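Below is work-v9.txt, which holds compact mmCIF, C-alpha atoms.
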# COMPACT_ATOMS: atom_id res chain seq x y z
CA MET A 1 37.23 -69.32 -18.04
CA LYS A 2 36.72 -70.41 -14.48
CA TYR A 3 33.30 -70.54 -12.87
CA ALA A 4 31.61 -71.82 -9.70
CA TYR A 5 27.91 -72.67 -9.62
CA PRO A 6 25.65 -73.90 -6.85
CA VAL A 7 24.25 -77.37 -7.45
CA ILE A 8 21.49 -79.21 -5.67
CA LEU A 9 21.97 -82.90 -4.89
CA TYR A 10 18.94 -85.06 -4.15
CA PRO A 11 18.12 -88.78 -3.81
CA ASP A 12 16.77 -90.30 -7.05
CA ASP A 13 15.92 -94.03 -7.31
CA GLY A 14 19.03 -95.20 -5.47
CA LYS A 15 21.24 -92.67 -7.22
CA ILE A 16 22.11 -89.04 -6.53
CA GLY A 17 20.39 -86.56 -8.84
CA VAL A 18 21.99 -83.21 -9.61
CA THR A 19 20.46 -80.01 -10.88
CA VAL A 20 22.15 -76.70 -11.62
CA PRO A 21 19.32 -74.17 -11.19
CA ASP A 22 21.19 -71.29 -12.84
CA LEU A 23 21.85 -73.23 -16.07
CA PRO A 24 18.56 -74.19 -17.78
CA GLY A 25 18.36 -77.89 -18.59
CA CYS A 26 21.61 -78.72 -16.78
CA HIS A 27 20.88 -81.93 -14.89
CA THR A 28 22.81 -85.14 -14.29
CA PHE A 29 23.20 -87.90 -11.70
CA GLY A 30 25.77 -90.16 -10.12
CA ASP A 31 25.92 -93.53 -8.42
CA ASN A 32 27.00 -91.83 -5.17
CA LYS A 33 27.79 -88.33 -3.92
CA THR A 34 31.36 -88.32 -5.23
CA ASP A 35 30.30 -89.55 -8.66
CA ALA A 36 27.46 -87.02 -8.74
CA LEU A 37 29.86 -84.13 -8.04
CA PHE A 38 32.21 -85.24 -10.84
CA MET A 39 29.23 -85.57 -13.19
CA ALA A 40 28.03 -82.10 -12.11
CA LYS A 41 31.41 -80.59 -12.99
CA ASP A 42 31.31 -82.23 -16.42
CA ALA A 43 27.71 -81.13 -17.08
CA ILE A 44 28.43 -77.54 -16.03
CA GLU A 45 31.57 -77.34 -18.15
CA MET A 46 29.75 -78.77 -21.17
CA TRP A 47 26.84 -76.32 -20.76
CA LEU A 48 29.16 -73.31 -20.36
CA TRP A 49 31.50 -74.42 -23.16
CA TYR A 50 28.55 -74.59 -25.56
CA ALA A 51 27.28 -71.18 -24.43
CA GLU A 52 30.74 -69.64 -24.87
CA ASN A 53 31.11 -71.16 -28.36
CA GLU A 54 27.68 -69.86 -29.38
CA ARG A 55 28.40 -66.47 -27.79
CA GLN A 56 25.37 -66.82 -25.54
CA ALA A 57 25.01 -64.97 -22.26
CA ILE A 58 26.42 -66.82 -19.26
CA PRO A 59 24.01 -66.61 -16.31
CA PRO A 60 25.53 -65.41 -13.06
CA PRO A 61 25.54 -67.93 -10.19
CA SER A 62 22.85 -67.51 -7.54
CA ASP A 63 23.77 -66.49 -4.03
CA VAL A 64 20.91 -68.24 -2.24
CA LEU A 65 18.71 -71.13 -3.36
CA PRO A 66 15.75 -72.65 -1.53
CA LEU A 67 16.04 -76.35 -0.70
CA LYS A 68 13.47 -79.08 -0.21
CA LEU A 69 13.71 -81.81 2.41
CA GLY A 70 16.51 -84.26 1.53
CA GLU A 71 18.34 -81.88 -0.79
CA THR A 72 21.93 -80.71 -0.32
CA LEU A 73 23.41 -77.52 -1.74
CA THR A 74 27.08 -77.27 -2.70
CA LEU A 75 29.30 -75.31 -5.08
CA VAL A 76 31.02 -76.92 -8.06
CA ALA A 77 33.99 -75.30 -9.79
CA ALA A 78 34.21 -75.51 -13.58
CA ASP A 79 36.98 -74.61 -16.03
CA THR A 80 35.89 -74.31 -19.66
CA ASP A 81 39.46 -73.90 -20.90
CA GLU A 82 40.35 -77.26 -19.38
CA TYR A 83 37.16 -78.79 -20.79
CA ARG A 84 37.87 -77.38 -24.25
CA ARG A 85 41.40 -78.84 -24.28
CA ALA A 86 40.09 -82.25 -23.27
CA ASN A 87 37.06 -82.40 -25.57
CA ASP A 88 37.31 -80.09 -28.55
CA ASN A 89 39.84 -81.63 -30.90
CA ARG A 90 38.14 -80.61 -34.14
CA ALA A 91 40.57 -79.66 -36.87
CA VAL A 92 40.30 -76.03 -37.96
CA LYS A 93 41.72 -75.01 -41.31
CA LYS A 94 44.08 -72.02 -41.10
CA THR A 95 45.59 -70.12 -43.99
CA LEU A 96 49.06 -68.76 -43.35
CA SER A 97 52.10 -67.47 -45.19
CA ILE A 98 55.73 -68.51 -44.90
CA PRO A 99 58.71 -67.54 -47.05
CA SER A 100 59.01 -69.53 -50.28
CA TRP A 101 62.52 -70.76 -49.44
CA LEU A 102 61.28 -72.14 -46.10
CA ASN A 103 58.34 -73.87 -47.76
CA SER A 104 60.68 -75.51 -50.30
CA GLN A 105 63.01 -76.77 -47.59
CA ALA A 106 60.12 -78.10 -45.51
CA GLU A 107 58.52 -79.87 -48.47
CA LYS A 108 61.84 -81.50 -49.38
CA ALA A 109 62.07 -82.79 -45.82
CA ASN A 110 58.44 -84.02 -45.89
CA ALA A 111 57.77 -81.83 -42.87
CA PRO A 112 54.39 -82.43 -41.18
CA PHE A 113 53.26 -78.79 -41.35
CA SER A 114 50.14 -79.19 -39.21
CA GLN A 115 51.92 -81.08 -36.44
CA ILE A 116 54.79 -78.58 -36.36
CA LEU A 117 52.38 -75.64 -36.20
CA GLN A 118 50.43 -77.27 -33.35
CA GLU A 119 53.60 -78.02 -31.39
CA GLY A 120 54.90 -74.49 -31.99
CA LEU A 121 51.64 -72.89 -30.85
CA LYS A 122 51.52 -75.05 -27.71
CA SER A 123 55.09 -74.06 -26.90
CA TYR A 124 54.39 -70.37 -27.56
CA LEU A 125 51.25 -70.47 -25.38
CA HIS A 126 52.93 -72.57 -22.64
CA ILE A 127 50.39 -75.38 -23.02
CA SER A 128 51.46 -78.85 -21.95
CA GLU A 129 49.40 -81.99 -22.37

As structure tokens:
Amino acid sequence: MKYAYPVILYPDDGKIGVTVPDLPGCHTFGDNKTDALFMAKDAIEMWLWYAENERQAIPPPSDVLPLKLGETLTLVAADTDEYRRANDNRAVKKTLSIPSWLNSQAEKANAPFSQILQEGLKSYLHISE
């Protein structure tokens, strides 16, 4: 899923603090503005990825947020599909059926079943890494 959330940047002990008001507890920082924006993207994607996995409600982004002196408001785009591909490499056991003759041939050839299934699914879904 693709999202865009407003973030507030603020000075914090020589660094740039970041808060995402719409996502409770979503805070980070960076060494400079560029680093802070990259960290914000990562923090937002992690927060949303967890919420999606736990089937929690995703808060809508705010339209207007009040700012204090020294704060900057900007939007950060996030892609949880991209985040998931990059960070969720847990193995998931799947049970499937194939014809007996095919299984025999594959076992004789010492075929790496899991690897072949992964490659086949990526091809089928048009996913490239």

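Nearest to Asp12 (chain A) of all the residues A:Glu71, A:Glu54, A:Asp88, A:Asp79 is A:Glu71, counting all atoms listed in the file.
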
| query | Of the candidates A:Ile98, A:Leu125, A:Ala109, A:Ala51, which one gets nearest to Thr80 (chain A) if we count only C-alpha atoms? | reply |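 Selected residue with least distance to Thr80 (chain A): A:Ala51.
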
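Among the candidate residues A:Leu69, A:Ala106, A:Ile116, A:Val64, the one lying nearest to Pro11 (chain A) is A:Leu69, with distances computed using only C-alpha atoms.
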
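The shell of residues at most 10 Å from Gly70 (chain A), with all atoms listed in the file counted and near chain neighbours (fewer than 2 positions) removed, consists of Leu9, Tyr10, Pro11, Leu67, Lys68 and Thr72 of chain A.
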
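CA of Ile16 (chain A) is positioned 6.3 Å from CA of Lys33 (chain A).
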
| message | Under the rule that only C-alpha atoms are counted, which of A:Val18, A:Leu121, A:Ile8, A:Cys26 is the nearest residue to Leu48 (chain A)? | response |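 Nearest candidate to Leu48 (chain A) out of A:Val18, A:Leu121, A:Ile8, A:Cys26: A:Cys26.
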
| Nearest to Glu82 (chain A) by atom-to-atom distance, counting all atoms listed in the file, from A:Asn103, A:Ser114, A:Ser128, A:Asn32 |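 For Glu82 (chain A), the nearest of the candidates is A:Ser128.
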